[in-house]
$ cat query20.cif   # mmCIF, C-alpha atoms
data_upload
loop_
_atom_site.label_atom_id
_atom_site.label_comp_id
_atom_site.auth_asym_id
_atom_site.auth_seq_id
_atom_site.Cartn_x
_atom_site.Cartn_y
_atom_site.Cartn_z
CA MET A 1 -14.03 64.79 1.38
CA LEU A 2 -13.21 61.26 2.50
CA ALA A 3 -9.48 61.91 2.41
CA ALA A 4 -9.91 65.01 4.52
CA LEU A 5 -12.00 63.09 7.02
CA LEU A 6 -9.40 60.32 7.18
CA SER A 7 -6.54 62.73 7.69
CA THR A 8 -8.36 64.48 10.54
CA LEU A 9 -9.07 61.07 12.05
CA VAL A 10 -5.38 60.14 11.88
CA LEU A 11 -4.45 63.49 13.33
CA ALA A 12 -6.89 63.04 16.18
CA LEU A 13 -5.54 59.56 16.87
CA SER A 14 -1.92 60.65 16.85
CA ALA A 15 -2.76 63.57 19.08
CA GLN A 16 -4.48 61.28 21.51
CA ALA A 17 -1.93 58.43 21.50
CA ALA A 18 0.93 58.82 23.91
CA THR A 19 4.32 57.25 23.36
CA LEU A 20 6.26 54.71 25.35
CA LYS A 21 9.96 54.60 26.07
CA LEU A 22 12.34 52.03 27.47
CA GLN A 23 14.43 52.73 30.50
CA SER A 24 17.82 51.14 31.09
CA PRO A 25 17.52 48.50 28.35
CA LYS A 26 20.33 46.05 28.79
CA LEU A 27 21.40 42.73 27.37
CA VAL A 28 23.84 40.40 29.07
CA VAL A 29 25.40 37.22 27.72
CA THR A 30 26.71 34.72 30.25
CA ASP A 31 28.04 31.22 29.86
CA SER A 32 26.63 28.20 31.68
CA MET A 33 28.90 28.84 34.68
CA GLY A 34 27.53 32.36 35.09
CA THR A 35 30.60 34.14 33.75
CA GLN A 36 29.60 37.31 32.01
CA LEU A 37 30.74 37.26 28.38
CA ARG A 38 29.16 40.47 27.13
CA SER A 39 27.13 43.30 28.49
CA ASP A 40 25.59 45.89 26.27
CA SER A 41 22.75 48.34 26.16
CA PHE A 42 20.26 48.62 23.34
CA SER A 43 17.78 51.25 22.33
CA LEU A 44 14.66 51.73 20.28
CA SER A 45 16.29 54.34 18.10
CA LYS A 46 19.42 52.50 17.00
CA GLN A 47 20.26 48.90 16.29
CA VAL A 48 23.14 47.36 18.22
CA ALA A 49 26.09 47.47 15.83
CA GLU A 50 27.75 44.20 16.73
CA ALA A 51 25.73 41.00 16.39
CA VAL A 52 25.14 39.10 19.62
CA GLU A 53 26.72 35.65 19.49
CA LEU A 54 25.62 32.80 21.73
CA GLY A 55 27.42 29.51 22.29
CA ALA A 56 25.72 26.19 22.72
CA LYS A 57 25.11 26.61 26.46
CA ASP A 58 25.17 30.43 26.80
CA ILE A 59 22.37 32.48 28.29
CA LEU A 60 21.03 35.73 26.91
CA LYS A 61 19.36 38.00 29.45
CA MET A 62 17.46 41.16 28.53
CA THR A 63 16.05 43.63 31.01
CA PHE A 64 14.23 46.89 30.50
CA GLN A 65 11.44 48.96 31.93
CA VAL A 66 8.52 50.33 29.93
CA LEU A 67 7.67 53.92 30.85
CA ASP A 68 5.25 56.56 29.70
CA GLN A 69 7.28 59.09 27.72
CA GLU A 70 5.62 62.12 29.35
CA THR A 71 4.78 61.16 32.90
CA GLY A 72 7.63 58.73 33.43
CA ASN A 73 5.35 56.21 35.10
CA GLY A 74 5.82 52.51 34.55
CA VAL A 75 3.35 50.95 32.09
CA GLN A 76 2.36 47.32 31.77
CA PRO A 77 1.64 46.83 28.05
CA HIS A 78 -1.02 44.44 26.97
CA GLN A 79 1.29 42.62 24.63
CA THR A 80 5.07 42.41 24.66
CA PHE A 81 6.93 40.09 22.35
CA LEU A 82 10.39 39.34 21.08
CA ARG A 83 10.46 38.19 17.49
CA PHE A 84 13.29 36.06 16.11
CA TYR A 85 13.29 36.12 12.36
CA ASP A 86 15.49 34.45 9.76
CA GLU A 87 15.39 36.50 6.57
CA LYS A 88 16.74 33.74 4.37
CA THR A 89 14.51 30.87 5.34
CA ASN A 90 11.58 33.08 6.34
CA GLU A 91 11.30 31.16 9.60
CA GLU A 92 10.29 33.10 12.66
CA GLY A 93 9.63 32.52 16.32
CA ILE A 94 7.77 34.76 18.73
CA GLN A 95 8.45 34.73 22.45
CA PRO A 96 6.17 36.55 24.90
CA VAL A 97 7.90 38.73 27.49
CA ARG A 98 6.53 39.01 30.98
CA VAL A 99 6.18 42.60 32.20
CA THR A 100 5.33 43.53 35.77
CA PRO A 101 2.61 46.09 36.55
CA GLY A 102 5.44 48.54 37.16
CA GLY A 103 6.67 48.05 33.60
CA LYS A 104 9.74 46.00 34.46
CA ALA A 105 10.52 43.31 31.94
CA LYS A 106 12.98 40.46 32.11
CA PHE A 107 13.67 37.96 29.37
CA GLU A 108 16.01 35.04 29.43
CA LEU A 109 17.04 32.79 26.56
CA ASN A 110 18.89 29.74 27.80
CA LEU A 111 20.37 27.82 24.88
CA SER A 112 20.81 24.66 26.90
CA LYS A 113 17.00 24.66 27.05
CA PRO A 114 15.96 26.53 23.92
CA PRO A 115 12.25 27.32 23.58
CA LEU A 116 10.36 25.44 20.93
CA SER A 117 9.41 28.57 19.07
CA LEU A 118 13.03 29.52 18.37
CA PRO A 119 13.50 29.18 14.60
CA PRO A 120 16.05 26.64 13.39
CA THR A 121 19.41 27.93 12.18
CA PRO A 122 20.87 25.16 10.05
CA ASN A 123 23.28 27.55 8.21
CA GLY A 124 24.26 29.71 11.16
CA ASP A 125 22.61 32.75 9.61
CA PRO A 126 21.89 35.55 12.07
CA LEU A 127 18.36 35.99 13.38
CA LYS A 128 16.88 39.46 13.50
CA VAL A 129 15.56 40.15 16.99
CA SER A 130 12.85 42.77 17.25
CA LEU A 131 10.76 44.02 20.13
CA ILE A 132 7.03 44.36 19.64
CA ILE A 133 4.93 46.23 22.20
CA GLY A 134 1.25 46.84 21.74
CA THR A 135 -1.06 48.48 24.21
CA SER A 136 -4.11 50.68 23.95
CA GLN A 137 -3.70 54.46 24.24
CA TYR A 138 -0.03 54.24 23.25
CA ASP A 139 1.70 54.14 19.92
CA PRO A 140 2.69 50.62 19.03
CA ILE A 141 6.37 49.77 18.96
CA SER A 142 8.03 47.36 16.56
CA VAL A 143 11.77 47.90 16.42
CA GLU A 144 14.68 45.75 15.33
CA LEU A 145 17.10 45.58 18.26
CA PHE A 146 20.05 43.45 17.14
CA ASP A 147 21.21 40.44 15.15
CA LEU A 148 21.54 37.20 17.05
CA VAL A 149 23.96 34.51 15.92
CA LEU A 150 23.06 31.08 17.28
CA PRO A 151 24.98 27.82 16.95
CA LYS A 152 24.00 25.71 13.95
CA SER A 153 20.93 23.59 14.51
CA GLN A 154 19.09 20.83 12.81
CA PRO A 155 17.13 21.97 9.76
CA ALA A 156 13.46 22.67 10.26
CA PRO A 157 11.44 19.46 10.34
CA GLU A 158 9.26 19.00 7.34
CA ASN A 159 5.63 19.60 8.02
CA PRO A 160 3.64 16.36 7.81
CA LEU A 161 1.21 18.11 5.47
CA GLU A 162 4.02 19.38 3.23
CA SER A 163 3.65 16.55 0.75
CA THR A 164 -0.02 17.44 0.19
CA PHE A 165 0.91 20.81 -1.22
CA HIS A 166 2.54 19.49 -4.37
CA VAL A 167 1.20 18.55 -7.74
CA LEU A 168 0.09 14.95 -7.72
CA PRO A 169 1.45 12.59 -10.36
CA GLU A 170 -0.68 12.49 -13.45
CA ILE A 171 -3.36 9.84 -13.46
CA HIS A 172 -3.01 7.29 -16.22
CA HIS A 173 -6.12 5.29 -16.88
CA THR A 174 -5.61 1.70 -17.82
CA PHE A 175 -8.33 0.01 -19.78
CA ARG A 176 -8.97 -3.63 -20.23
CA ALA A 177 -7.94 -4.91 -23.62
CA ASP A 178 -10.65 -4.96 -26.24
CA ASN A 179 -12.65 -8.14 -26.50
CA LYS A 180 -11.61 -10.29 -29.39
CA MET A 181 -13.96 -12.23 -31.60
CA PRO A 182 -12.97 -15.89 -31.76
CA PRO A 183 -11.38 -17.08 -35.03
CA GLN A 184 -13.84 -17.39 -37.87
CA PRO A 185 -13.70 -21.20 -38.28
CA ILE A 186 -14.63 -21.65 -34.62
CA SER A 187 -17.46 -19.15 -34.98
CA PHE A 188 -18.84 -20.96 -38.01
CA ALA A 189 -18.48 -24.34 -36.33
CA PHE A 190 -20.43 -23.14 -33.31
CA ILE A 191 -23.09 -21.55 -35.50
CA GLY A 192 -23.65 -25.02 -36.88
CA ILE A 193 -23.62 -26.60 -33.41
CA VAL A 194 -26.03 -24.02 -31.99
CA LEU A 195 -28.42 -24.43 -34.94
CA ALA A 196 -28.30 -28.24 -34.69
CA PRO A 197 -30.93 -28.46 -31.89
CA TRP A 198 -33.37 -26.76 -34.25
CA ALA A 199 -32.97 -29.61 -36.71
CA ILE A 200 -33.52 -32.09 -33.88
CA LEU A 201 -36.58 -30.16 -32.74
CA LEU A 202 -38.09 -30.03 -36.21
CA SER A 203 -37.42 -33.72 -36.85
CA LEU A 204 -38.99 -34.66 -33.51
CA TRP A 205 -41.97 -32.41 -34.11
CA SER A 206 -42.50 -33.83 -37.54
CA GLN A 207 -43.14 -37.20 -35.90
CA VAL A 208 -45.34 -36.16 -33.02
CA VAL A 209 -47.08 -33.03 -34.24
CA PRO A 210 -50.72 -33.00 -33.06
CA LYS A 211 -53.25 -32.05 -35.70
CA PRO A 212 -54.03 -28.36 -35.36
CA SER A 213 -57.62 -28.99 -36.20
CA ARG A 214 -58.98 -25.50 -35.57
CA LEU A 215 -55.91 -23.26 -35.73
CA PHE A 216 -57.38 -21.16 -38.52
CA SER A 217 -60.92 -20.99 -37.23
CA PRO A 218 -62.11 -17.37 -36.73
CA SER A 219 -62.33 -17.71 -32.97
CA ILE A 220 -58.72 -18.86 -32.52
CA LEU A 221 -56.80 -17.17 -35.32
CA PRO A 222 -56.97 -13.65 -33.73
CA PHE A 223 -55.34 -14.96 -30.55
CA VAL A 224 -52.55 -16.69 -32.42
CA ALA A 225 -52.09 -13.60 -34.57
CA SER A 226 -51.87 -11.27 -31.57
CA LEU A 227 -49.36 -13.56 -29.85
CA GLY A 228 -47.33 -13.44 -33.06
CA ALA A 229 -47.71 -9.66 -33.07
CA PHE A 230 -46.29 -9.55 -29.54
CA GLU A 231 -43.22 -11.52 -30.62
CA GLY A 232 -42.89 -9.24 -33.62
CA LEU A 233 -43.13 -6.20 -31.39
CA LEU A 234 -40.38 -7.53 -29.13
CA PHE A 235 -38.21 -8.26 -32.16
CA TRP A 236 -38.86 -4.72 -33.36
CA TYR A 237 -37.84 -3.52 -29.88
CA TRP A 238 -34.52 -5.29 -30.30
CA VAL A 239 -33.97 -3.78 -33.74
CA ASP A 240 -35.20 -0.24 -33.32
CA LEU A 241 -37.67 0.76 -30.61
CA LYS A 242 -37.08 2.53 -27.31
CA LEU A 243 -38.31 1.17 -23.98
CA GLY A 244 -41.13 3.71 -23.61
CA GLN A 245 -42.43 2.99 -27.11
CA VAL A 246 -42.40 -0.77 -26.62
CA LEU A 247 -44.25 -0.44 -23.30
CA LEU A 248 -46.86 1.80 -24.93
CA TYR A 249 -47.36 -0.44 -27.96
CA GLY A 250 -47.30 -3.52 -25.75
CA PHE A 251 -50.07 -2.05 -23.59
CA MET A 252 -52.10 -1.16 -26.67
CA LEU A 253 -51.61 -4.68 -28.03
CA SER A 254 -52.39 -6.36 -24.73
CA LEU A 255 -56.08 -5.35 -24.74
CA PRO A 256 -57.06 -7.06 -28.03
CA THR A 257 -54.82 -10.01 -27.11
CA PHE A 258 -56.62 -10.37 -23.81
CA PHE A 259 -60.08 -10.46 -25.39
CA ALA A 260 -59.00 -12.61 -28.32
CA GLY A 261 -57.39 -15.04 -25.88
CA LYS A 262 -60.50 -15.12 -23.75
CA THR A 263 -62.77 -16.03 -26.69
CA ALA A 264 -60.29 -18.48 -28.21
CA LEU A 265 -59.57 -20.36 -24.99
CA ALA A 266 -63.25 -20.32 -24.03
CA SER A 267 -64.17 -21.89 -27.36
CA ILE A 268 -61.43 -24.50 -27.00
CA GLY A 269 -62.51 -25.22 -23.46
CA SER A 270 -66.18 -25.59 -24.39
CA GLN A 271 -65.20 -27.91 -27.23
CA ARG A 272 -63.07 -29.99 -24.88
CA LEU A 273 -65.83 -30.22 -22.28
CA GLY A 274 -68.48 -30.88 -24.94
CA ARG A 275 -66.39 -33.63 -26.39
CA LYS A 276 -66.21 -35.41 -23.06
CA MET B 1 -18.82 -63.50 -10.38
CA ALA B 2 -18.49 -62.74 -14.04
CA PRO B 3 -21.74 -64.39 -15.13
CA ARG B 4 -23.63 -62.42 -12.48
CA ALA B 5 -22.34 -59.13 -13.77
CA ALA B 6 -23.34 -60.25 -17.23
CA GLN B 7 -26.80 -60.90 -15.91
CA ILE B 8 -27.17 -57.42 -14.41
CA GLN B 9 -26.07 -55.71 -17.59
CA PRO B 10 -28.96 -56.83 -19.79
CA THR B 11 -31.41 -56.19 -16.96
CA ALA B 12 -30.39 -52.52 -16.68
CA SER B 13 -30.54 -51.95 -20.40
CA SER B 14 -33.85 -53.69 -20.62
CA ALA B 15 -35.19 -51.41 -17.88
CA VAL B 16 -34.27 -48.41 -19.97
CA GLU B 17 -35.84 -50.06 -22.96
CA THR B 18 -39.03 -50.73 -21.03
CA LEU B 19 -39.13 -47.16 -19.84
CA TRP B 20 -38.67 -45.84 -23.37
CA LYS B 21 -41.32 -48.16 -24.70
CA ALA B 22 -43.77 -47.19 -22.00
CA TYR B 23 -43.13 -43.53 -22.71
CA ASN B 24 -43.55 -44.00 -26.43
CA ASP B 25 -46.75 -45.95 -26.08
CA GLY B 26 -48.36 -44.26 -23.11
CA THR B 27 -47.70 -40.56 -23.73
CA PRO B 28 -50.15 -38.50 -25.74
CA ASN B 29 -48.80 -36.84 -28.85
CA ARG B 30 -49.42 -33.39 -27.42
CA LEU B 31 -47.15 -34.10 -24.46
CA LYS B 32 -44.51 -35.56 -26.77
CA PHE B 33 -44.73 -32.34 -28.73
CA ILE B 34 -43.97 -30.40 -25.55
CA ASP B 35 -41.27 -32.89 -24.57
CA SER B 36 -39.43 -32.43 -27.84
CA PHE B 37 -39.51 -28.70 -27.26
CA LEU B 38 -38.08 -29.22 -23.75
CA PHE B 39 -35.38 -31.47 -25.17
CA PHE B 40 -34.55 -28.82 -27.77
CA LEU B 41 -34.32 -26.14 -25.08
CA MET B 42 -32.03 -28.31 -22.99
CA LEU B 43 -29.70 -29.03 -25.90
CA SER B 44 -29.66 -25.39 -26.94
CA GLY B 45 -28.83 -24.20 -23.42
CA ILE B 46 -26.07 -26.78 -23.04
CA VAL B 47 -24.51 -25.81 -26.34
CA GLN B 48 -24.54 -22.12 -25.43
CA PHE B 49 -23.01 -22.84 -22.04
CA VAL B 50 -20.30 -24.98 -23.58
CA TYR B 51 -19.54 -22.20 -26.04
CA CYS B 52 -19.29 -19.71 -23.19
CA VAL B 53 -16.90 -21.95 -21.24
CA LEU B 54 -14.77 -23.20 -24.11
CA VAL B 55 -14.58 -20.28 -26.53
CA SER B 56 -15.60 -16.93 -25.15
CA SER B 57 -18.25 -15.23 -23.08
CA PHE B 58 -18.05 -12.21 -25.37
CA PRO B 59 -20.54 -10.66 -25.94
CA TYR B 60 -21.63 -11.48 -22.42
CA ASN B 61 -25.07 -9.86 -22.66
CA ALA B 62 -25.91 -12.01 -25.66
CA PHE B 63 -24.85 -15.11 -23.75
CA LEU B 64 -26.99 -14.10 -20.78
CA ALA B 65 -29.96 -13.42 -23.03
CA GLY B 66 -29.62 -16.69 -24.94
CA PHE B 67 -28.91 -18.90 -21.95
CA GLY B 68 -31.53 -17.15 -19.82
CA SER B 69 -34.13 -17.53 -22.53
CA THR B 70 -33.56 -21.28 -22.79
CA VAL B 71 -33.63 -21.77 -19.02
CA GLY B 72 -36.67 -19.55 -18.52
CA GLN B 73 -38.54 -21.07 -21.42
CA PHE B 74 -37.72 -24.53 -20.09
CA VAL B 75 -39.22 -23.67 -16.72
CA LEU B 76 -42.36 -22.18 -18.28
CA THR B 77 -42.80 -25.09 -20.65
CA ALA B 78 -42.21 -27.67 -17.94
CA SER B 79 -44.88 -26.08 -15.77
CA LEU B 80 -47.23 -25.99 -18.78
CA ARG B 81 -46.56 -29.67 -19.37
CA SER B 82 -47.25 -30.63 -15.78
CA GLN B 83 -50.49 -28.65 -15.76
CA VAL B 84 -51.90 -30.00 -19.01
CA ASN B 85 -50.88 -33.59 -18.33
CA PRO B 86 -54.12 -35.58 -17.99
CA ASP B 87 -52.45 -37.75 -15.33
CA ASN B 88 -52.03 -34.69 -13.11
CA LYS B 89 -55.65 -33.66 -13.31
CA ASP B 90 -56.18 -34.28 -9.59
CA GLU B 91 -53.22 -32.05 -8.68
CA PHE B 92 -54.49 -29.03 -10.63
CA LYS B 93 -58.22 -29.12 -10.15
CA GLU B 94 -58.66 -25.37 -10.50
CA VAL B 95 -56.31 -24.99 -13.45
CA SER B 96 -57.84 -25.86 -16.78
CA PRO B 97 -55.47 -26.56 -19.71
CA GLU B 98 -56.68 -23.31 -21.29
CA ARG B 99 -55.76 -21.37 -18.18
CA ALA B 100 -52.36 -23.08 -18.14
CA PHE B 101 -51.78 -22.08 -21.75
CA ALA B 102 -52.79 -18.48 -21.03
CA ASP B 103 -50.27 -18.40 -18.15
CA PHE B 104 -47.66 -19.91 -20.43
CA ALA B 105 -48.28 -17.29 -23.12
CA LEU B 106 -48.17 -14.38 -20.68
CA GLY B 107 -45.04 -15.71 -18.96
CA SER B 108 -43.34 -16.26 -22.30
CA ILE B 109 -44.10 -12.73 -23.47
CA VAL B 110 -42.66 -11.24 -20.27
CA LEU B 111 -39.62 -13.52 -20.52
CA HIS B 112 -39.03 -12.58 -24.13
CA PHE B 113 -39.32 -8.90 -23.24
CA PHE B 114 -36.49 -9.28 -20.74
CA VAL B 115 -34.47 -11.42 -23.11
CA TYR B 116 -34.64 -8.86 -25.90
CA ASN B 117 -33.81 -6.21 -23.33
CA PHE B 118 -30.61 -8.08 -22.48
CA LEU B 119 -29.79 -8.74 -26.09
CA GLY B 120 -29.05 -5.04 -26.41
#

$ encode --input "query20.cif" --output "structure tokens"
Amino acid sequence: MLAALLSTLVLALSAQAATLKLQSPKLVVTDSMGTQLRSDSFSLSKQVAEAVELGAKDILKMTFQVLDQETGNGVQPHQTFLRFYDEKTNEEGIQPVRVTPGGKAKFELNLSKPPLSLPPTPNGDPLKVSLIIGTSQYDPISVELFDLVLPKSQPAPENPLESTFHVLPEIHHTFRADNKMPPQPISFAFIGIVLAPWAILLSLWSQVVPKPSRLFSPSILPFVASLGAFEGLLFWYWVDLKLGQVLLYGFMLSLPTFFAGKTALASIGSQRLGRK
Amino acid sequence: MAPRAAQIQPTASSAVETLWKAYNDGTPNRLKFIDSFLFFLMLSGIVQFVYCVLVSSFPYNAFLAGFGSTVGQFVLTASLRSQVNPDNKDEFKEVSPERAFADFALGSIVLHFFVYNFLG
């Protein structure tokens, strides 16, 4: 069903589309002084047998007129291009061709001032020149006209983005060397040095320790015990617990500590004031 | 000139001696108790710092925890000492020694929490 519909559509299109033809297509090669080197005609049906060769300062001129095949009236196509294509390097250049409302077209390629879009020919390979005409209500035309041999040129410049289209070198991570423990004798020596202040502290305290007269009285002992429990909790945190657990337990422990501290310090304070 | 220098020398040392004697005689035992703790903290911090400079800062978190705990505890204890010192009573009229101790206990618990956190 769909295929039938498509085929009728194509039929209808082909029936509606008219065809174009070229009248008096001609190519002329002259040198810079204007001397005619070659004059030839070309056609849409057959490629020019002999390749067109241009010297460094030669000029290629192409003239033709676009006509309606049936009425013979001149037609100005919407788009008319000449395409220069290098099969080997896949480089191509497209040149627009100006066509008058009467369908007359004139194209000139002056090699002393080559257009930027002309593809580079570093090996002297021939370029395939084709004519492309597109306009509504007519069949499109895309026909190879002839081979064009240009003098050798510089190779195509490398695109500045070319280097970004390659695989990047593999990334090698470098890591800092592992930390080393100091030699064991030094470690042991410093263990002794670091523990030495404790001996000094204990010896000093043994001389000046105030009498803890009421440390174990029932009003003070809970406070001391809960402070000890806090230190134990923090030690446990270091050994095992997670942050959330230690915050929860710490909060739970803080309430009895608060009240125990309040009673203990109040009793100490009242004793101090009473003693005065 | 020489005799004069010889005269200054004993004077300076005797000043230190007088200071030490005055401290020994005029400071309550409770403050001496705190002072020995401060002295211990100072020594401990110095030793840890020397170890870090001379030998190795590895493991760095342990150094930070140890050094930070001595410094922080020194600050807390020094403020406790200044607040419970009977000579400073006029400076801290609103702060009773009990209140100062409660602050000290709370501050120490928070400090130790952070220290154990660093210890890893």

$ interface_residues --input "query20.cif" --of "chain A" --to "chain B" --cutoff "6 Å" --atoms "only C-alpha atoms" --output "ChimeraX atom specification"
/A:197,201,208,210,238,265

$ closest_residue --input "query20.cif" --among "A:Lys88, A:Lys113, A:His78, A:His173" --to "Pro140 in chain A" --atoms "all atoms listed in the file"
A:His78

$ axis_aligned_box --input "query20.cif" --around "range 62-76 of chain B" --padding-each-side "6 Å" --output "lines of an AutoDock Vina configuration file"
center_x = -33.6
center_y = -18.3
center_z = -21.2
size_x = 29.5
size_y = 24.5
size_z = 20.9

$ atom_distance --input "query20.cif" --atom1 "CA of Leu82 in chain A" --atom2 "CA of Ser130 in chain A"
5.7 Å

$ residues_around --input "query20.cif" --residues "Lys61 in chain A" --least-positions-apart "5" --cutoff "9 Å" --atoms "all atoms listed in the file" --output "PyMOL selection string"
chain A and resi 26-30+106-110

$ residues_around --input "query20.cif" --residues "range 117-122 of chain A" --least-positions-apart "2" --cutoff "12 Å" --atoms "all atoms listed in the file" --output "ChimeraX atom specification"
/A:82-96,109-111,113-115,124-129,148-158

$ residues_near_point --input "query20.cif" --point "(-41.3, -26.5, -15.8)" --cutoff "12 Å" --atoms "only C-alpha atoms" --output "PyMOL selection string"
chain B and resi 34-35+37-38+41-42+70-84+100+104+107

$ atom_distance --input "query20.cif" --atom1 "CA of Pro183 in chain A" --atom2 "CA of Leu54 in chain B"
13.0 Å

$ atom_distance --input "query20.cif" --atom1 "CA of Cys52 in chain B" --atom2 "CA of Asp240 in chain A"
27.1 Å

$ closest_residue --input "query20.cif" --among "A:Thr135, A:Ser112, A:Thr35, A:Ser41" --to "Thr19 in chain A" --atoms "only C-alpha atoms"
A:Thr135

$ resolve_selection --input "query20.cif" --expression "the PyMOL selection byres ((chain A and resi 103) around 8)" --output "VMD selection string"
chain A and resid 65 to 67 74 to 77 99 to 102 104 to 105

$ decode --input "query20.cif" --residues "range 143-158 of chain A" --atoms "N, CA, C and O atoms" --output "CSV table (one decimal), in the first residue's frame"
chain,number,residue,atom,x,y,z
A,143,VAL,N,26.2,17.0,-12.6
A,143,VAL,CA,26.9,16.3,-13.7
A,143,VAL,C,28.4,16.6,-13.6
A,143,VAL,O,28.8,17.8,-13.4
A,144,GLU,N,29.2,15.6,-13.8
A,144,GLU,CA,30.7,15.8,-13.9
A,144,GLU,C,31.0,16.3,-15.3
A,144,GLU,O,30.6,15.7,-16.3
A,145,LEU,N,31.7,17.4,-15.4
A,145,LEU,CA,32.0,18.0,-16.7
A,145,LEU,C,33.3,17.6,-17.2
A,145,LEU,O,33.4,17.1,-18.3
A,146,PHE,N,34.4,17.8,-16.4
A,146,PHE,CA,35.7,17.5,-16.9
A,146,PHE,C,36.7,17.4,-15.7
A,146,PHE,O,36.3,17.7,-14.6
A,147,ASP,N,37.9,16.8,-16.0
A,147,ASP,CA,38.9,16.8,-15.0
A,147,ASP,C,39.8,18.1,-15.2
A,147,ASP,O,40.0,18.5,-16.3
A,148,LEU,N,40.2,18.6,-14.0
A,148,LEU,CA,41.0,19.9,-14.1
A,148,LEU,C,42.3,19.6,-13.4
A,148,LEU,O,42.4,19.2,-12.3
A,149,VAL,N,43.4,19.8,-14.2
A,149,VAL,CA,44.7,19.7,-13.6
A,149,VAL,C,45.3,21.0,-13.3
A,149,VAL,O,45.5,21.9,-14.1
A,150,LEU,N,45.6,21.2,-12.0
A,150,LEU,CA,46.1,22.5,-11.5
A,150,LEU,C,47.6,22.4,-11.2
A,150,LEU,O,48.0,21.2,-10.9
A,151,PRO,N,48.3,23.4,-11.2
A,151,PRO,CA,49.7,23.3,-10.7
A,151,PRO,C,49.8,22.9,-9.2
A,151,PRO,O,48.8,23.1,-8.5
A,152,LYS,N,50.9,22.3,-8.9
A,152,LYS,CA,51.0,21.8,-7.5
A,152,LYS,C,50.9,22.9,-6.5
A,152,LYS,O,51.5,24.0,-6.7
A,153,SER,N,50.2,22.7,-5.4
A,153,SER,CA,50.1,23.7,-4.4
A,153,SER,C,50.6,23.2,-3.1
A,153,SER,O,51.1,22.1,-2.9
A,154,GLN,N,50.6,24.2,-2.1
A,154,GLN,CA,50.9,23.8,-0.8
A,154,GLN,C,49.9,22.7,-0.3
A,154,GLN,O,48.8,22.8,-0.7
A,155,PRO,N,50.3,21.8,0.6
A,155,PRO,CA,49.3,20.9,1.2
A,155,PRO,C,48.3,21.7,2.0
A,155,PRO,O,48.6,22.8,2.5
A,156,ALA,N,47.2,21.0,2.2
A,156,ALA,CA,46.1,21.7,3.0
A,156,ALA,C,46.6,22.0,4.4
A,156,ALA,O,47.3,21.2,5.0
A,157,PRO,N,46.4,23.2,4.9
A,157,PRO,CA,46.8,23.5,6.3
A,157,PRO,C,46.1,22.6,7.3
A,157,PRO,O,44.9,22.3,7.1
A,158,GLU,N,46.8,22.3,8.3
A,158,GLU,CA,46.1,21.4,9.3
A,158,GLU,C,45.1,22.3,10.1
A,158,GLU,O,45.4,23.4,10.5
